[in-house]
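Here is the structure we will look at.
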Amino acid sequence: MTMPGSPAFAPQENAELLVMAPGQPPRGLPLPERPFTLGRAAGNELCYPDDAGLSRQHLVIERIGEDFVVRDLGSKNGTLVNGERLTGPHVLRSGDQISAGHLLIEFRAPLPDPLQRTVLFVEKTHSAPEESATVVSANLEAVLRQEKATPAGTKTVDALIRVGQELAGHRPLDELFPLILNLAIESVGASRGVLLTLEGANLVPRAAAGDNFRISTTVRDRVINKRESILVSDISLDLELAQRQSIVAQAVRSVMAAPLQTQENVIGLIYVDATDALNPFTRADLNLLTVMANVAAIRIEHARLVEVEQQERVMARELAQAAEIHTALLPAAPPEVPGWDLAAVNVPCRTVGGDYFDFIQGAFGKLLLVVGDVAGKGMSAALMMSGLQAYLRVLGENPEPLSRMVTRLNQLVATRCPSNRFITLFAALLDPETGELRYVNAGHNAALVIRRDGGQEWLSQGGVMLGPFPRFLYEENRLLLHEGDLLVLYSDGVSEATHAETEEEFGPDRLAAVFRDSPPGGGAELISRLMEALRQWCGPRGFEDDVTVLAARRTSREAAESARPWKEEAVLACNAQRY
């Protein structure tokens with residue numbers, strides 16, 4: 001039983017549903033804390049409007065205590081669990097299969113580690129005195145002062161010397177926990193013991209010698225919250241513990257618990273008990289266990305730091321390799337298209353990012369210009385970005401309407417996109433000969449067109465983001481770019497960049513002003529000016545989101561040739577910098 005606000009064991013975590021629908025690949029969905037409903041109605045967390053076998057509100061899965069329970073909501077065709085019709089609430093176990101409509105849903109939950117079943121915290125049914133003839137407490141500071149005055153050669157000093165020698169080597173945590181526990185059991189002559197560490201608000205067993213431990217919540221809370229070591233020298237004299245049949249059955253006569261304490265931080269506890277009625281634990285044993293727990297806690301923290309450092313080094317190497325792959329997925333340079341000046345830049349706010357741009361030369365001489373933004377940052381966003389790039393490379397080579405291509409792209413993304421992720425995309429299909437531009441905006445920032453005479457247009461027409469709505473049909477719009485006109489695609493890392501002091505966003509108007517008010521120049525030169533404006537705007541803290549900009553200006557062939565040296569130099573400079 002768990003007391004509110006006290007450390008306890010975490011309920012079964014990482015439970016998920018594996019949803020299998022006809023014609024679709026299996027889809028894994030993590031189960032949230034709130035009730036999770038399924039049916040044809042749009043308000044369900046899992047909605048299948050085209051499945052005639054489902055009712056509008058078909059079933060619900062909800063957490064009750066540490067279990068997940070499935071209930072049928074009075075559906076017309078019913079719900080089956082493991083082939084049997086569901087007539088009431090059913091507690092789900094890993095591997096259970098739910099049939100609803102044309103769906104087959106498997107409940108998956110990792111089995112708890114055997115150590116998780118070794119300890120149960122039991123509550124007192126009445127208040128007990130803080131100290132009595134059988135209950136003794138101690139704190140680390142007082143024990144350390146006392147042990148400093150202990151003559152060399154005593155049991156305590158000898159035991160601590162051995163502990164220091166055993167713990168001096170470099171051991172991984174999975175070896176360190178049982179070693180510490182065994183040393184504690186041997187040093188105080190205990191029969192059994194368990195070592196638990198605090199992980200957040202939960203006490204997690206890390207090593208155990210024995211099983212079915214019953215630890216009083218009073219003992220637990222005093223050890224963790226008050227940083228006290230506790231000794232119950234004779235359980236038979238403790239009215240509350242003596243009534244615990246589970247403790248009596250195990251013939252436990254004496255118990256001790258000490259905090260794993262480093263300075264002022266408690267990272268867990270060590271609990272030991274003994275069955276020998278003739279040799280109960282003494283205050284000297286309590287002092288020894290207290291000091292040993294302090295030494296062990298320091299060693300555990302050191303081992304954790306070593307593991308963290310090793311993990312960070314591995315992660316740094318992996319991120320460096322991921323950054324190289326991420327960079328390789330983006331165009332190294334824009335293509336040479338007669339009569340057009342093309343440039344782009346991508347600056348991830350982390351080592352890798354989720355922004356994407358591309359120039360895809362497709363059928364009939366058309367050029368596909370793309371800027372996308374995966375929700376989120378870091379490695380997961382970069383992985384989704386790589387999938388988007390692969391889809392677009394294949395679809396971009398087909399001679400079909402842009403609206404149909406983006407609709408198919410959305411369907412592909414939806415099959416692989418986690419429920420909490422989506423992708424925004426602006427795709428523009430350019431005819432370099434005529435200047436005709438067909439575009440589809442899938443939930444992305446409105447693109448900017450700056451005309452030769454200084455006028456500007458925002459291409460805001462569009463549809464929803466890619467992923468959440470696989471049946472959405474996109475429509476394309478079109479316009480004509482004349483000589484001197486400039487098209488700018490960008491990610492929200494540009495418009496939402498915040499000021500270093502005021503937290504004001506850079507905004508689309510400032511973006512337009514940079515391009516509109518700058519002296520004439522090639523696309524790369526204009527992008528370089530924008531990046532400098534953003535750097536000054538954000539100040540020392542730098543970008544807080546990935547930044548991507550793509551510019552395409554229609555120009556004469558002669559102007560494009562003269563701009564080429566500056567363009568190459570500016571693109572290389574932009575891509576090399578990390579603001």
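Every chain in the structure tokens takes a letter, A first, then B, and so on in the order presented; its residues are numbered from 1, and the ligands are numbered from 1 following the presented order.
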
Residues near segment 355-370 of chain A, cut-off 6 Å, only C-alpha atoms, skip fewer than 3 positions along chain, as a PyMOL selection string: chain A and resi 373+396-397+399+426-431

Neighbour list for Val449 of chain A as a ChimeraX atom specification, cut-off 12 Å, only C-alpha atoms, skip fewer than 5 positions in-chain: /A:437,454-460,479-482,484-490,511-513,515-516,550-554

A:Leu395, A:Leu286, A:Leu80, A:Val371 ranked by distance to Leu104 of chain A, top pick (using only C-alpha atoms): A:Leu80

If we count only C-alpha atoms and set the cut-off at 10 Å, which residues sit around Ile64 of chain A, ignoring sequence neighbours fewer than 6 positions away in its own chain? Please answer as a PDB file with N, CA and C atoms, in the first residue's frame.
```pdb
ATOM      1  N   GLU A  33      -2.308   8.403 -19.618  1.00  0.00           N
ATOM      2  CA  GLU A  33      -2.920   8.269 -18.303  1.00  0.00           C
ATOM      3  C   GLU A  33      -4.438   8.427 -18.379  1.00  0.00           C
ATOM      4  N   PRO A  35      -8.369   8.205 -19.992  1.00  0.00           N
ATOM      5  CA  PRO A  35      -9.092   7.166 -20.734  1.00  0.00           C
ATOM      6  C   PRO A  35      -8.861   7.292 -22.238  1.00  0.00           C
ATOM      7  N   VAL A  91      -9.338  -6.648 -16.948  1.00  0.00           N
ATOM      8  CA  VAL A  91      -7.976  -6.195 -16.664  1.00  0.00           C
ATOM      9  C   VAL A  91      -7.042  -6.785 -17.713  1.00  0.00           C
TER      10      VAL A  91
END
```

Top pick for closest residue to Asp211 of chain A, considering A:Leu59, A:Val194, A:Leu392, A:Ala184 and counting only C-alpha atoms: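 Using only C-alpha atoms, Asp211 of chain A sits closest to A:Val194.
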
When you look at Leu181 of chain A with a cut-off of 9 Å (counting only C-alpha atoms), what residues show up, excluding the ones that are within fewer than 5 positions of it in the same chain? I need them as a PDB file with N, CA, C and O atoms, in the first residue's frame.
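Saved the output as out-v1.pdb:
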```
ATOM      1  N   LEU A 176      27.837  -3.418  -8.705  1.00  0.00           N
ATOM      2  CA  LEU A 176      28.078  -2.674  -7.470  1.00  0.00           C
ATOM      3  C   LEU A 176      26.946  -2.860  -6.460  1.00  0.00           C
ATOM      4  O   LEU A 176      27.194  -3.032  -5.256  1.00  0.00           O
ATOM      5  N   GLU A 186      27.000  -9.292   5.518  1.00  0.00           N
ATOM      6  CA  GLU A 186      28.088  -9.989   6.213  1.00  0.00           C
ATOM      7  C   GLU A 186      28.594  -9.191   7.414  1.00  0.00           C
ATOM      8  O   GLU A 186      28.898  -9.758   8.475  1.00  0.00           O
ATOM      9  N   GLY A 193      18.541  -9.210   3.085  1.00  0.00           N
ATOM     10  CA  GLY A 193      18.599  -7.771   2.881  1.00  0.00           C
ATOM     11  C   GLY A 193      18.179  -7.382   1.486  1.00  0.00           C
ATOM     12  O   GLY A 193      18.111  -8.201   0.572  1.00  0.00           O
ATOM     13  N   VAL A 194      17.873  -6.090   1.322  1.00  0.00           N
ATOM     14  CA  VAL A 194      17.509  -5.549   0.019  1.00  0.00           C
ATOM     15  C   VAL A 194      18.030  -4.113  -0.063  1.00  0.00           C
ATOM     16  O   VAL A 194      18.041  -3.384   0.936  1.00  0.00           O
ATOM     17  N   LEU A 195      18.514  -3.747  -1.244  1.00  0.00           N
ATOM     18  CA  LEU A 195      19.010  -2.393  -1.495  1.00  0.00           C
ATOM     19  C   LEU A 195      18.077  -1.739  -2.509  1.00  0.00           C
ATOM     20  O   LEU A 195      17.813  -2.318  -3.573  1.00  0.00           O
ATOM     21  N   ALA A 207      19.103  -4.744  -5.632  1.00  0.00           N
ATOM     22  CA  ALA A 207      19.715  -6.020  -5.272  1.00  0.00           C
ATOM     23  C   ALA A 207      18.960  -6.578  -4.076  1.00  0.00           C
ATOM     24  O   ALA A 207      18.509  -5.822  -3.206  1.00  0.00           O
ATOM     25  N   ALA A 208      18.814  -7.903  -4.033  1.00  0.00           N
ATOM     26  CA  ALA A 208      18.094  -8.522  -2.929  1.00  0.00           C
ATOM     27  C   ALA A 208      18.713  -9.877  -2.603  1.00  0.00           C
ATOM     28  O   ALA A 208      19.074 -10.634  -3.499  1.00  0.00           O
ATOM     29  N   ALA A 209      18.840 -10.156  -1.318  1.00  0.00           N
ATOM     30  CA  ALA A 209      19.215 -11.482  -0.837  1.00  0.00           C
ATOM     31  C   ALA A 209      18.035 -11.970  -0.011  1.00  0.00           C
ATOM     32  O   ALA A 209      17.853 -11.580   1.140  1.00  0.00           O
ATOM     33  N   ILE A 270      19.203   0.899   2.482  1.00  0.00           N
ATOM     34  CA  ILE A 270      19.544  -0.503   2.669  1.00  0.00           C
ATOM     35  C   ILE A 270      18.707  -1.028   3.833  1.00  0.00           C
ATOM     36  O   ILE A 270      18.661  -0.409   4.906  1.00  0.00           O
ATOM     37  N   TYR A 271      18.043  -2.164   3.611  1.00  0.00           N
ATOM     38  CA  TYR A 271      17.238  -2.797   4.652  1.00  0.00           C
ATOM     39  C   TYR A 271      17.788  -4.199   4.880  1.00  0.00           C
ATOM     40  O   TYR A 271      18.032  -4.944   3.926  1.00  0.00           O
ATOM     41  N   VAL A 272      17.985  -4.585   6.168  1.00  0.00           N
ATOM     42  CA  VAL A 272      18.426  -5.940   6.510  1.00  0.00           C
ATOM     43  C   VAL A 272      17.595  -6.426   7.687  1.00  0.00           C
ATOM     44  O   VAL A 272      17.083  -5.636   8.491  1.00  0.00           O
TER      45      VAL A 272
END
```

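When atom CA of Arg304 of chain A is paired with atom CA of Ile180 of chain A, their separation reads 14.7 Å.
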
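Every protein or nucleic acid residue with an atom no more than 12 Å from Gly78 of chain A, counting only C-alpha atoms and leaving out same-chain residues fewer than 3 positions away, appears here: Gly39, Gly53, Leu54, Ser55, Gln57, His58, Leu59, Arg71, Asp72, Leu73, Gly74, Ser75, Val81, Gly83, Glu84, Arg85, Leu86, Thr87, Gly88, Ile98, Ser99, Ala100, Gly101 and His102 of chain A.
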
Who sits within 8 Å of segment 25-29 of chain A, only C-alpha atoms, same chain under 6 positions skipped, as a list in words: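 What passes the distance filter is Glu16, Leu17, Leu18, Val19, Thr415, Pro418 and Ser419 of chain A.
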